[in-house]
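Text of the file query-v7.cif, holding mmCIF, C-alpha atoms:
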```
data_structure
#
loop_
_atom_site.label_atom_id
_atom_site.label_comp_id
_atom_site.auth_asym_id
_atom_site.auth_seq_id
_atom_site.Cartn_x
_atom_site.Cartn_y
_atom_site.Cartn_z
CA MET A 1 34.53 -6.80 4.76
CA ARG A 2 31.18 -6.13 6.42
CA HIS A 3 29.45 -3.01 5.16
CA ARG A 4 27.49 -0.75 7.49
CA ILE A 5 23.98 -1.03 6.05
CA ALA A 6 20.77 0.59 7.29
CA VAL A 7 17.22 0.25 6.01
CA VAL A 8 14.77 2.97 7.02
CA GLY A 9 11.25 1.63 7.56
CA SER A 10 9.88 -1.65 8.91
CA GLY A 11 7.19 -2.22 6.30
CA PRO A 12 7.18 -5.22 3.94
CA ALA A 13 10.08 -3.85 1.86
CA GLY A 14 12.43 -3.04 4.72
CA LEU A 15 11.73 -6.19 6.70
CA THR A 16 12.09 -8.48 3.68
CA PHE A 17 15.43 -6.86 2.82
CA ALA A 18 16.65 -7.26 6.40
CA ARG A 19 15.36 -10.81 6.74
CA VAL A 20 17.10 -12.03 3.57
CA LEU A 21 20.39 -10.37 4.60
CA HIS A 22 20.01 -11.93 8.04
CA ARG A 23 19.50 -15.34 6.44
CA HIS A 24 22.84 -14.88 4.67
CA GLY A 25 24.58 -13.86 7.89
CA TYR A 26 24.88 -10.13 7.20
CA PRO A 27 24.01 -7.53 9.84
CA VAL A 28 21.66 -4.66 8.98
CA ALA A 29 20.25 -1.83 11.06
CA VAL A 30 16.45 -1.54 10.71
CA LEU A 31 15.46 2.02 11.66
CA GLU A 32 11.77 2.58 12.42
CA ARG A 33 10.11 5.76 13.70
CA ASP A 34 7.21 3.90 15.39
CA PRO A 35 7.94 3.15 19.05
CA ALA A 36 6.76 -0.48 18.79
CA PRO A 37 5.49 -2.97 16.19
CA ASP A 38 1.87 -2.49 17.28
CA ALA A 39 2.01 1.29 17.67
CA ARG A 40 -0.39 1.74 14.73
CA PRO A 41 -3.09 -0.46 13.19
CA PRO A 42 -1.28 -2.64 10.63
CA GLY A 43 -3.84 -2.13 7.85
CA GLY A 44 -5.83 -4.62 5.81
CA THR A 45 -5.15 -7.84 4.00
CA LEU A 46 -2.57 -8.38 1.25
CA ASP A 47 -2.63 -10.85 -1.63
CA LEU A 48 0.88 -12.11 -2.26
CA HIS A 49 1.55 -13.18 -5.84
CA GLU A 50 3.45 -16.35 -6.73
CA GLY A 51 6.10 -14.59 -8.81
CA LEU A 52 6.45 -11.54 -6.56
CA GLY A 53 5.68 -11.54 -2.83
CA GLN A 54 5.74 -15.32 -2.48
CA LEU A 55 9.06 -15.46 -4.34
CA ALA A 56 10.45 -12.91 -1.89
CA LEU A 57 9.31 -15.02 1.07
CA ASP A 58 10.93 -18.06 -0.52
CA LYS A 59 14.22 -16.15 -0.71
CA ALA A 60 13.80 -15.37 2.99
CA GLY A 61 13.11 -19.03 3.82
CA LEU A 62 9.58 -18.22 4.98
CA LEU A 63 7.34 -19.62 2.26
CA ALA A 64 6.15 -22.66 4.23
CA GLU A 65 5.26 -20.50 7.23
CA PHE A 66 3.42 -18.07 4.95
CA ARG A 67 1.37 -20.89 3.44
CA ALA A 68 0.34 -22.02 6.92
CA LEU A 69 -0.86 -18.50 7.79
CA SER A 70 -2.37 -17.40 4.48
CA ARG A 71 -5.97 -17.72 3.36
CA PRO A 72 -6.28 -19.17 -0.18
CA GLU A 73 -10.06 -18.87 0.10
CA GLY A 74 -9.54 -15.10 0.40
CA GLN A 75 -8.91 -15.00 -3.35
CA ALA A 76 -12.69 -15.19 -3.91
CA MET A 77 -14.17 -12.10 -5.57
CA ARG A 78 -17.78 -11.02 -6.08
CA ILE A 79 -18.84 -8.06 -8.26
CA LEU A 80 -22.19 -6.30 -7.79
CA ASP A 81 -23.96 -3.45 -9.50
CA THR A 82 -25.41 -0.58 -7.49
CA ALA A 83 -28.76 -2.41 -7.20
CA GLY A 84 -27.00 -5.31 -5.46
CA THR A 85 -27.30 -7.70 -8.42
CA VAL A 86 -24.43 -10.20 -8.54
CA LEU A 87 -22.60 -9.75 -11.86
CA ARG A 88 -19.62 -12.03 -11.17
CA ASP A 89 -18.94 -14.55 -8.41
CA TRP A 90 -15.45 -16.01 -8.80
CA ARG A 91 -14.24 -18.62 -6.34
CA PRO A 92 -10.77 -20.18 -6.33
CA ARG A 93 -10.14 -23.86 -6.86
CA PRO A 94 -9.22 -25.78 -3.67
CA ASP A 95 -5.59 -25.95 -4.87
CA GLU A 96 -5.38 -22.32 -6.09
CA ARG A 97 -2.31 -20.63 -4.59
CA ALA A 98 -1.64 -17.80 -7.06
CA ASN A 99 -2.61 -14.91 -4.77
CA PRO A 100 -3.55 -16.05 -1.26
CA GLU A 101 -4.36 -13.40 1.32
CA ILE A 102 -2.58 -12.64 4.59
CA ASP A 103 -3.26 -9.95 7.18
CA ARG A 104 -0.61 -7.24 7.22
CA GLY A 105 -0.04 -7.76 10.93
CA GLN A 106 0.58 -11.47 10.43
CA LEU A 107 3.01 -10.75 7.59
CA ARG A 108 4.85 -8.17 9.70
CA ASP A 109 5.26 -10.62 12.59
CA LEU A 110 6.40 -13.37 10.21
CA LEU A 111 9.09 -11.11 8.72
CA LEU A 112 10.20 -9.68 12.06
CA GLY A 113 11.18 -13.10 13.43
CA PRO A 114 14.71 -12.74 14.86
CA LEU A 115 15.33 -9.22 13.54
CA ASP A 116 16.46 -6.59 16.02
CA VAL A 117 14.56 -3.48 14.91
CA GLN A 118 15.57 -0.12 16.37
CA TRP A 119 12.12 1.17 17.33
CA GLY A 120 11.49 4.87 17.89
CA ARG A 121 14.34 5.98 15.62
CA GLY A 122 12.73 8.47 13.28
CA VAL A 123 14.91 9.74 10.45
CA THR A 124 14.72 13.41 9.48
CA GLN A 125 17.39 13.64 6.78
CA VAL A 126 19.93 11.56 4.87
CA VAL A 127 23.10 13.22 3.59
CA PRO A 128 25.25 11.20 1.16
CA GLY A 129 28.86 11.90 0.25
CA THR A 130 30.31 12.75 3.66
CA ARG A 131 33.87 11.74 4.58
CA ASP A 132 32.66 8.84 6.74
CA GLY A 133 29.83 7.68 4.49
CA VAL A 134 26.13 8.47 4.38
CA LEU A 135 25.07 10.62 7.33
CA VAL A 136 21.67 9.91 8.88
CA HIS A 137 20.01 12.54 11.08
CA PHE A 138 17.48 11.32 13.67
CA THR A 139 14.54 13.07 15.32
CA ASP A 140 16.28 12.98 18.70
CA GLY A 141 19.20 15.00 17.32
CA ARG A 142 21.64 12.11 17.06
CA GLN A 143 23.57 11.26 13.89
CA GLU A 144 25.05 8.05 12.51
CA THR A 145 26.96 7.11 9.35
CA PHE A 146 26.51 4.08 7.10
CA ASP A 147 27.99 2.76 3.86
CA LEU A 148 24.51 2.17 2.41
CA VAL A 149 21.16 3.63 3.44
CA ILE A 150 18.01 2.16 1.91
CA GLY A 151 14.81 4.16 2.01
CA ALA A 152 11.89 1.80 2.55
CA ASP A 153 9.93 4.45 4.39
CA GLY A 154 6.86 4.77 2.20
CA ALA A 155 5.03 7.48 0.30
CA TRP A 156 6.42 10.43 2.26
CA SER A 157 9.94 9.07 2.49
CA ARG A 158 12.56 11.08 4.37
CA VAL A 159 15.27 9.26 2.43
CA ARG A 160 13.93 10.05 -1.07
CA PRO A 161 15.13 13.70 -1.14
CA ALA A 162 18.72 12.41 -1.04
CA VAL A 163 18.28 10.99 -4.55
CA SER A 164 15.18 12.61 -6.08
CA SER A 165 13.16 15.82 -5.94
CA ALA A 166 9.94 13.98 -6.90
CA THR A 167 6.98 14.22 -4.54
CA PRO A 168 3.68 12.30 -4.62
CA HIS A 169 0.69 13.93 -6.32
CA TYR A 170 -3.03 13.37 -5.76
CA THR A 171 -4.75 11.02 -8.21
CA GLY A 172 -8.19 12.60 -7.89
CA VAL A 173 -9.46 9.47 -6.13
CA THR A 174 -10.08 9.32 -2.38
CA LEU A 175 -10.62 6.28 -0.19
CA VAL A 176 -12.47 6.38 3.10
CA GLU A 177 -11.82 3.24 5.13
CA THR A 178 -14.02 1.71 7.80
CA SER A 179 -14.18 -1.67 9.54
CA LEU A 180 -16.62 -4.34 10.62
CA ASP A 181 -15.65 -6.49 13.59
CA ASP A 182 -16.83 -10.01 14.45
CA VAL A 183 -18.90 -9.82 11.29
CA ASP A 184 -20.01 -13.47 11.24
CA THR A 185 -21.71 -13.09 14.62
CA ARG A 186 -22.81 -9.45 14.57
CA ASP A 187 -23.74 -9.04 10.90
CA PRO A 188 -24.31 -12.47 9.31
CA ASP A 189 -26.05 -10.91 6.28
CA LEU A 190 -23.00 -8.74 5.60
CA ALA A 191 -20.74 -11.75 6.21
CA ARG A 192 -22.60 -13.63 3.48
CA LEU A 193 -22.41 -10.59 1.17
CA VAL A 194 -18.63 -10.34 1.56
CA GLY A 195 -18.08 -14.11 1.38
CA ASP A 196 -14.65 -15.63 1.93
CA GLY A 197 -12.77 -12.93 0.05
CA SER A 198 -13.88 -9.59 -1.36
CA VAL A 199 -17.00 -7.96 -2.72
CA ALA A 200 -17.08 -4.81 -4.86
CA ALA A 201 -19.88 -2.68 -6.24
CA TYR A 202 -19.19 -0.10 -8.94
CA GLY A 203 -21.13 3.01 -9.87
CA VAL A 204 -20.41 6.25 -11.72
CA ASN A 205 -17.06 7.57 -10.43
CA ARG A 206 -17.36 5.63 -7.19
CA ALA A 207 -17.11 2.16 -5.72
CA LEU A 208 -17.60 0.26 -2.47
CA VAL A 209 -15.14 -2.56 -1.77
CA ALA A 210 -15.10 -4.89 1.26
CA GLN A 211 -12.28 -7.34 2.02
CA ARG A 212 -12.40 -10.09 4.61
CA ASN A 213 -9.44 -10.31 6.96
CA SER A 214 -8.90 -13.07 9.51
CA GLY A 215 -10.86 -13.33 12.74
CA GLY A 216 -14.16 -12.08 11.34
CA HIS A 217 -12.72 -8.64 10.58
CA VAL A 218 -13.72 -6.87 7.36
CA LYS A 219 -12.18 -3.72 5.87
CA VAL A 220 -14.52 -1.53 3.81
CA TYR A 221 -13.33 1.11 1.35
CA ALA A 222 -15.52 3.81 -0.13
CA GLN A 223 -13.77 5.04 -3.28
CA PHE A 224 -14.75 8.15 -5.22
CA ARG A 225 -13.46 10.95 -7.41
CA ALA A 226 -13.39 14.25 -5.54
CA PRO A 227 -11.23 17.34 -4.98
CA LEU A 228 -8.54 16.86 -2.35
CA ASP A 229 -10.38 19.27 -0.07
CA TRP A 230 -13.81 17.59 -0.45
CA HIS A 231 -14.05 17.22 3.32
CA THR A 232 -13.21 20.84 4.25
CA ASN A 233 -16.54 21.39 6.00
CA LEU A 234 -16.61 17.92 7.52
CA ASP A 235 -15.22 16.92 10.89
CA THR A 236 -13.50 13.67 9.94
CA ALA A 237 -13.38 12.69 13.62
CA ASP A 238 -17.20 12.81 13.78
CA VAL A 239 -18.15 9.24 12.85
CA GLU A 240 -21.83 9.96 12.24
CA ALA A 241 -21.10 13.07 10.15
CA VAL A 242 -18.69 11.12 7.92
CA ARG A 243 -21.16 8.24 7.65
CA SER A 244 -23.96 10.62 6.60
CA SER A 245 -21.72 12.29 4.04
CA LEU A 246 -20.74 8.94 2.51
CA LEU A 247 -24.31 7.67 2.44
CA ALA A 248 -25.25 10.83 0.56
CA LEU A 249 -22.44 10.18 -1.95
CA PHE A 250 -23.77 6.66 -2.53
CA ASP A 251 -27.44 7.62 -2.42
CA GLY A 252 -29.68 5.24 -4.37
CA TRP A 253 -27.43 2.19 -4.00
CA ALA A 254 -28.97 -1.03 -2.68
CA ALA A 255 -29.57 -1.14 1.08
CA PRO A 256 -27.47 -4.32 1.67
CA VAL A 257 -24.50 -2.65 -0.02
CA LEU A 258 -24.92 0.57 1.95
CA ASP A 259 -25.01 -1.48 5.16
CA LEU A 260 -21.25 -1.81 4.69
CA LEU A 261 -21.09 1.90 5.56
CA ARG A 262 -23.96 1.97 8.03
CA HIS A 263 -22.32 -0.69 10.21
CA GLY A 264 -18.78 0.75 10.03
CA THR A 265 -17.17 1.53 13.39
CA ALA A 266 -14.83 4.42 12.45
CA PHE A 267 -13.73 6.20 9.29
CA VAL A 268 -10.23 7.01 8.04
CA HIS A 269 -9.64 9.46 5.17
CA ARG A 270 -7.07 8.13 2.65
CA PRO A 271 -6.61 10.25 -0.49
CA LEU A 272 -4.62 8.28 -3.09
CA TYR A 273 -1.25 9.73 -4.04
CA VAL A 274 1.22 8.43 -6.62
CA LEU A 275 4.72 9.20 -7.87
CA PRO A 276 5.33 9.79 -11.59
CA VAL A 277 4.79 6.56 -13.53
CA SER A 278 8.42 6.23 -14.64
CA HIS A 279 10.13 7.60 -11.54
CA THR A 280 13.90 7.21 -11.76
CA TRP A 281 16.86 9.20 -10.46
CA THR A 282 20.51 9.77 -11.12
CA HIS A 283 22.33 7.16 -9.06
CA VAL A 284 23.68 8.48 -5.76
CA PRO A 285 26.41 6.34 -4.14
CA GLY A 286 25.37 5.03 -0.77
CA VAL A 287 21.60 5.63 -1.05
CA THR A 288 18.73 3.84 -2.77
CA LEU A 289 14.99 3.30 -2.39
CA LEU A 290 12.52 0.40 -2.25
CA GLY A 291 8.76 0.06 -2.58
CA ASP A 292 6.50 3.10 -2.18
CA ALA A 293 9.49 5.33 -1.51
CA ALA A 294 10.71 4.51 -5.03
CA HIS A 295 7.50 4.01 -7.02
CA LEU A 296 4.29 4.87 -5.17
CA MET A 297 1.39 3.62 -7.31
CA PRO A 298 -2.35 2.98 -6.93
CA PRO A 299 -3.10 0.21 -4.39
CA LEU A 300 -4.20 -2.49 -6.82
CA GLY A 301 -2.28 -5.48 -5.50
CA ALA A 302 1.20 -4.72 -6.85
CA GLY A 303 2.85 -2.34 -4.38
CA ALA A 304 3.66 -4.60 -1.43
CA ASN A 305 4.50 -7.48 -3.77
CA LEU A 306 7.02 -5.40 -5.69
CA ALA A 307 8.44 -3.92 -2.50
CA MET A 308 9.08 -7.34 -0.97
CA LEU A 309 10.68 -8.78 -4.10
CA GLU A 310 12.90 -5.71 -4.46
CA GLY A 311 14.02 -6.03 -0.86
CA ALA A 312 14.79 -9.72 -1.31
CA GLU A 313 16.64 -9.22 -4.60
CA LEU A 314 18.80 -6.37 -3.34
CA ALA A 315 19.70 -8.27 -0.17
CA GLU A 316 20.52 -11.40 -2.15
CA SER A 317 22.71 -9.42 -4.55
CA ILE A 318 24.63 -7.81 -1.70
CA ALA A 319 25.11 -11.14 0.06
CA THR A 320 26.22 -12.88 -3.15
CA ASP A 321 28.71 -10.21 -4.20
CA PRO A 322 29.51 -7.93 -1.26
CA GLY A 323 32.67 -6.51 -2.83
CA ASP A 324 31.54 -3.46 -4.79
CA LEU A 325 28.39 -2.24 -3.10
CA ASP A 326 27.91 0.64 -5.53
CA VAL A 327 27.99 -1.57 -8.64
CA THR A 328 25.47 -3.93 -7.03
CA VAL A 329 23.06 -1.12 -6.14
CA ARG A 330 23.32 0.47 -9.61
CA ALA A 331 22.42 -2.82 -11.27
CA PHE A 332 19.53 -3.33 -8.85
CA GLU A 333 18.11 0.13 -9.55
CA GLU A 334 18.05 -0.43 -13.31
CA GLN A 335 16.17 -3.69 -12.84
CA MET A 336 13.75 -2.16 -10.31
CA TRP A 337 12.95 0.88 -12.50
CA ALA A 338 12.07 -1.25 -15.54
CA ARG A 339 9.75 -3.60 -13.65
CA ALA A 340 8.15 -0.92 -11.47
CA GLY A 341 7.53 1.28 -14.51
CA ARG A 342 5.52 -1.52 -16.15
CA TRP A 343 3.44 -2.06 -13.02
CA ALA A 344 2.89 1.65 -12.48
CA LYS A 345 1.37 1.91 -15.96
CA ILE A 346 -0.86 -1.11 -15.30
CA THR A 347 -2.11 0.13 -11.92
CA THR A 348 -2.61 3.71 -13.10
CA ALA A 349 -4.74 2.50 -16.00
CA GLY A 350 -6.53 0.13 -13.61
CA LEU A 351 -7.52 2.92 -11.23
CA GLU A 352 -8.93 4.91 -14.15
CA ARG A 353 -11.16 1.95 -15.03
CA LEU A 354 -12.19 0.99 -11.50
CA VAL A 355 -13.32 4.48 -10.51
CA SER A 356 -14.76 5.52 -13.86
CA PRO A 357 -17.72 7.36 -15.38
CA ASP A 358 -18.59 3.99 -16.94
CA PRO A 359 -18.97 1.19 -14.34
CA ALA A 360 -18.78 -1.37 -17.16
CA GLU A 361 -15.05 -0.59 -17.33
CA ALA A 362 -14.54 -2.06 -13.85
CA LEU A 363 -16.35 -5.26 -14.81
CA ALA A 364 -14.34 -5.54 -18.03
CA LEU A 365 -11.11 -5.13 -16.08
CA PHE A 366 -12.14 -7.88 -13.66
CA ASP A 367 -12.91 -10.22 -16.57
CA GLN A 368 -9.55 -9.40 -18.14
CA VAL A 369 -7.61 -10.08 -14.93
CA GLN A 370 -9.45 -13.32 -14.15
CA ALA A 371 -8.97 -14.54 -17.71
CA SER A 372 -5.22 -14.12 -17.34
#
```
Take the structure in this file and express it as structure tokens.
Amino acid sequence: MRHRIAVVGSGPAGLTFARVLHRHGYPVAVLERDPAPDARPPGGTLDLHEGLGQLALDKAGLLAEFRALSRPEGQAMRILDTAGTVLRDWRPRPDERANPEIDRGQLRDLLLGPLDVQWGRGVTQVVPGTRDGVLVHFTDGRQETFDLVIGADGAWSRVRPAVSSATPHYTGVTLVETSLDDVDTRDPDLARLVGDGSVAAYGVNRALVAQRNSGGHVKVYAQFRAPLDWHTNLDTADVEAVRSSLLALFDGWAAPVLDLLRHGTAFVHRPLYVLPVSHTWTHVPGVTLLGDAAHLMPPLGAGANLAMLEGAELAESIATDPGDLDVTVRAFEEQMWARAGRWAKITTAGLERLVSPDPAEALALFDQVQAS
């Protein structure tokens, strides 16, 4: 018997789930509100861990293709103080493959492959327990029923309310993102500062982090503790006004570090939200969650990795034992909650140390992570 299965969201979690099911010959409806794969900028680079994201790609039969696309040299990390002094300069061994980087857009295209995504199908509500199954309401007014609906639709999931009343809360830390294009040609000094991977400078309750993507593109993140409404009197669409505000926040930092902001092309406001550290729910037949929809946590390298592995594991479990879908999903949820809870604690504590009154905490955390 073939179950009617839908996954809402075409991010790493949803696409990995669909790709693994597809590999096992099972159909799945991928429902995505965006009208096309390139409707929005895909975001920055991701480091995929050997035992998490890379394992998920292996389950999807895509590990070799990932290795051809990924950038092992992107694992390099340089730590500066606010004066621009290099405190740590870690470079991977030539054979280091623990956490290679890949652009989000490249990962998306790799996962999409043969999948037939239903673009422009925004979900407004999911209603479990109807006579014909789980009822999905769409933005265009249409409705459709499925045996299993999986919410992989991110922080502000439209599927989550079907199983949980939890909503994300603000961490007290805000990110403002900007970009540098063709950095090796236009800004060779900044290219050298960033290196092959990432560079980070830490001060009191704030940080500047730059990550190299492919094609000479660099993402820059200003991170700081502030009220959620810190920008009330600031026109966030006014590039020069945002730049001036950020430069004032980082006043006194070394000029080469501040050039990461001075040379930025546009600025995007990204306050950091999280779900409760041990977010669980009473099992609801026919509905479950993956990734940020289930366990939104600080963006410290775990979220996408967990999301992909969860998608791969759930798909594999369904394909291996398709008989009792509800038993399979229950078992998956228990496993997901335990692992995600551990990572949520780690990343929450990590954010406290990275954007801290004591910049030495960030350096100590880096030393701890590299030592392990």
*Using only C-alpha atoms, find the one residue out of A:Ser10, A:Ser278, A:Thr236, A:Thr320 that sits nearest to Ala344 (chain A).*
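Answer, going by the shortest atom-to-atom distance: A:Ser278.
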Neighbour residues at most 12 Å from (-0.9, -2.5, -12.2) (only C-alpha atoms) as a compact mmCIF listing (two decimals) with C-alpha atoms, in the coordinates of the input:
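result-v4.txt was written with the following content:
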```
# COMPACT_ATOMS: atom_id res chain seq x y z
CA VAL A 277 4.79 6.56 -13.53
CA HIS A 295 7.50 4.01 -7.02
CA LEU A 296 4.29 4.87 -5.17
CA MET A 297 1.39 3.62 -7.31
CA PRO A 298 -2.35 2.98 -6.93
CA PRO A 299 -3.10 0.21 -4.39
CA LEU A 300 -4.20 -2.49 -6.82
CA GLY A 301 -2.28 -5.48 -5.50
CA ALA A 302 1.20 -4.72 -6.85
CA GLY A 303 2.85 -2.34 -4.38
CA ALA A 304 3.66 -4.60 -1.43
CA ASN A 305 4.50 -7.48 -3.77
CA LEU A 306 7.02 -5.40 -5.69
CA ARG A 339 9.75 -3.60 -13.65
CA ALA A 340 8.15 -0.92 -11.47
CA GLY A 341 7.53 1.28 -14.51
CA ARG A 342 5.52 -1.52 -16.15
CA TRP A 343 3.44 -2.06 -13.02
CA ALA A 344 2.89 1.65 -12.48
CA LYS A 345 1.37 1.91 -15.96
CA ILE A 346 -0.86 -1.11 -15.30
CA THR A 347 -2.11 0.13 -11.92
CA THR A 348 -2.61 3.71 -13.10
CA ALA A 349 -4.74 2.50 -16.00
CA GLY A 350 -6.53 0.13 -13.61
CA LEU A 351 -7.52 2.92 -11.23
CA GLU A 352 -8.93 4.91 -14.15
CA ARG A 353 -11.16 1.95 -15.03
CA LEU A 354 -12.19 0.99 -11.50
CA LEU A 365 -11.11 -5.13 -16.08
CA VAL A 369 -7.61 -10.08 -14.93
```
*Find, counting all atoms listed in the file, the residue in A:Leu290, A:Leu87, A:Val28, A:Ala6 that gets nearest to Glu310 (chain A).*
A:Leu290
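When all atoms listed in the file are used to compute distances to Arg93 (chain A), the closest of the residues A:Ala254, A:Pro72, A:Leu289, A:Met77 turns out to be A:Pro72.
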_Residues in the PyMOL selection byres ((chain A and resi 222) around 7), expressed as a list in words_ =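 Written out, the selection comes to Leu175, Val176, Glu177, Ala207, Leu208, Val209, Val220, Tyr221, Gln223 and Phe224 of chain A.
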*Between A:Leu107, A:Ala307, A:Val183, A:Leu52, single out the one closest to Ala294 (chain A), counting all atoms listed in the file.*
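Checking each of A:Leu107, A:Ala307, A:Val183, A:Leu52 against Ala294 (chain A), counting all atoms listed in the file, the winner is A:Ala307.
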*Between CA of Leu15 (chain A) and CA of Ser198 (chain A), measure the distance and give it in Å to one decimal.*
27.1 Å
_Best match for closeness to Leu272 (chain A) among A:Val149, A:Val199, A:Leu228, A:Ala315, counting all atoms listed in the file_ = A:Leu228
*For the file shown, what are the residues hit by the PyMOL selection byres ((chain A and resi 96-106) around 8), laid out as a list in words?*
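On the file shown, the PyMOL selection byres ((chain A and resi 96-106) around 8) covers Pro42, Gly43, Gly44, Thr45, Leu46, Asp47, Leu48, His49, Glu50, Leu69, Ser70, Arg71, Pro72, Glu73, Gly74, Gln75, Pro92, Arg93, Pro94, Asp95, Leu107, Arg108, Asp109, Leu110, Asn213 and Ser214 of chain A.
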*Tell me, in Å to one decimal, how far CA of Ala191 (chain A) is from CA of Pro41 (chain A).*
22.1 Å
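Going from CA of Asp251 (chain A) over to CA of Gln211 (chain A), you cover 21.8 Å.
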*Pick from A:Gly61, A:Gly113, A:Pro227, A:Gly14: nearest to Gly172 (chain A), with all atoms listed in the file counted?*
A:Pro227
Would you mind completing region 225-231 of chain A so that it carries all heavy atoms, and writing it out as a PDB file, keeping the file's coordinate frame?
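Written output follows (out29.pdb):
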```
ATOM      1  N   ARG A 225     -14.213   9.815  -6.849  1.00  0.00           N
ATOM      2  CA  ARG A 225     -13.460  10.950  -7.410  1.00  0.00           C
ATOM      3  C   ARG A 225     -13.962  12.228  -6.746  1.00  0.00           C
ATOM      4  O   ARG A 225     -15.161  12.482  -6.680  1.00  0.00           O
ATOM      5  CB  ARG A 225     -13.632  11.018  -8.925  1.00  0.00           C
ATOM      6  CG  ARG A 225     -12.988   9.835  -9.616  1.00  0.00           C
ATOM      7  CD  ARG A 225     -12.783  10.017 -11.109  1.00  0.00           C
ATOM      8  NE  ARG A 225     -12.059   8.848 -11.614  1.00  0.00           N
ATOM      9  CZ  ARG A 225     -10.733   8.729 -11.620  1.00  0.00           C
ATOM     10  NH1 ARG A 225      -9.990   9.737 -11.182  1.00  0.00           N
ATOM     11  NH2 ARG A 225     -10.152   7.637 -12.072  1.00  0.00           N
ATOM     12  N   ALA A 226     -13.027  13.025  -6.247  1.00  0.00           N
ATOM     13  CA  ALA A 226     -13.390  14.250  -5.540  1.00  0.00           C
ATOM     14  C   ALA A 226     -12.160  15.146  -5.437  1.00  0.00           C
ATOM     15  O   ALA A 226     -11.023  14.661  -5.504  1.00  0.00           O
ATOM     16  CB  ALA A 226     -13.899  13.923  -4.139  1.00  0.00           C
ATOM     17  N   PRO A 227     -12.370  16.456  -5.255  1.00  0.00           N
ATOM     18  CA  PRO A 227     -11.230  17.340  -4.980  1.00  0.00           C
ATOM     19  C   PRO A 227     -10.550  16.914  -3.676  1.00  0.00           C
ATOM     20  O   PRO A 227     -11.189  16.302  -2.798  1.00  0.00           O
ATOM     21  CB  PRO A 227     -11.877  18.731  -4.834  1.00  0.00           C
ATOM     22  CG  PRO A 227     -13.220  18.610  -5.451  1.00  0.00           C
ATOM     23  CD  PRO A 227     -13.644  17.182  -5.284  1.00  0.00           C
ATOM     24  N   LEU A 228      -9.289  17.238  -3.543  1.00  0.00           N
ATOM     25  CA  LEU A 228      -8.540  16.860  -2.350  1.00  0.00           C
ATOM     26  C   LEU A 228      -9.165  17.454  -1.082  1.00  0.00           C
ATOM     27  O   LEU A 228      -9.106  16.852  -0.004  1.00  0.00           O
ATOM     28  CB  LEU A 228      -7.083  17.320  -2.492  1.00  0.00           C
ATOM     29  CG  LEU A 228      -6.092  16.861  -1.429  1.00  0.00           C
ATOM     30  CD1 LEU A 228      -6.083  15.348  -1.290  1.00  0.00           C
ATOM     31  CD2 LEU A 228      -4.698  17.377  -1.766  1.00  0.00           C
ATOM     32  N   ASP A 229      -9.793  18.610  -1.234  1.00  0.00           N
ATOM     33  CA  ASP A 229     -10.380  19.270  -0.070  1.00  0.00           C
ATOM     34  C   ASP A 229     -11.878  19.005   0.068  1.00  0.00           C
ATOM     35  O   ASP A 229     -12.605  19.792   0.668  1.00  0.00           O
ATOM     36  CB  ASP A 229     -10.128  20.787  -0.136  1.00  0.00           C
ATOM     37  CG  ASP A 229     -10.775  21.431  -1.367  1.00  0.00           C
ATOM     38  OD1 ASP A 229     -11.312  20.692  -2.227  1.00  0.00           O
ATOM     39  OD2 ASP A 229     -10.741  22.676  -1.468  1.00  0.00           O
ATOM     40  N   TRP A 230     -12.378  17.902  -0.449  1.00  0.00           N
ATOM     41  CA  TRP A 230     -13.810  17.590  -0.450  1.00  0.00           C
ATOM     42  C   TRP A 230     -14.406  17.612   0.956  1.00  0.00           C
ATOM     43  O   TRP A 230     -15.591  17.865   1.140  1.00  0.00           O
ATOM     44  CB  TRP A 230     -14.068  16.218  -1.073  1.00  0.00           C
ATOM     45  CG  TRP A 230     -13.606  15.082  -0.221  1.00  0.00           C
ATOM     46  CD1 TRP A 230     -12.347  14.573  -0.145  1.00  0.00           C
ATOM     47  CD2 TRP A 230     -14.386  14.337   0.736  1.00  0.00           C
ATOM     48  NE1 TRP A 230     -12.286  13.561   0.771  1.00  0.00           N
ATOM     49  CE2 TRP A 230     -13.518  13.385   1.328  1.00  0.00           C
ATOM     50  CE3 TRP A 230     -15.718  14.365   1.128  1.00  0.00           C
ATOM     51  CZ2 TRP A 230     -13.934  12.488   2.302  1.00  0.00           C
ATOM     52  CZ3 TRP A 230     -16.149  13.470   2.114  1.00  0.00           C
ATOM     53  CH2 TRP A 230     -15.269  12.543   2.680  1.00  0.00           C
ATOM     54  N   HIS A 231     -13.574  17.359   1.949  1.00  0.00           N
ATOM     55  CA  HIS A 231     -14.050  17.220   3.320  1.00  0.00           C
ATOM     56  C   HIS A 231     -13.825  18.475   4.165  1.00  0.00           C
ATOM     57  O   HIS A 231     -13.911  18.421   5.392  1.00  0.00           O
ATOM     58  CB  HIS A 231     -13.335  16.048   3.983  1.00  0.00           C
ATOM     59  CG  HIS A 231     -11.847  16.226   4.055  1.00  0.00           C
ATOM     60  ND1 HIS A 231     -11.072  16.338   2.933  1.00  0.00           N
ATOM     61  CD2 HIS A 231     -11.004  16.339   5.108  1.00  0.00           C
ATOM     62  CE1 HIS A 231      -9.802  16.495   3.290  1.00  0.00           C
ATOM     63  NE2 HIS A 231      -9.741  16.507   4.600  1.00  0.00           N
TER      64      HIS A 231
END
```
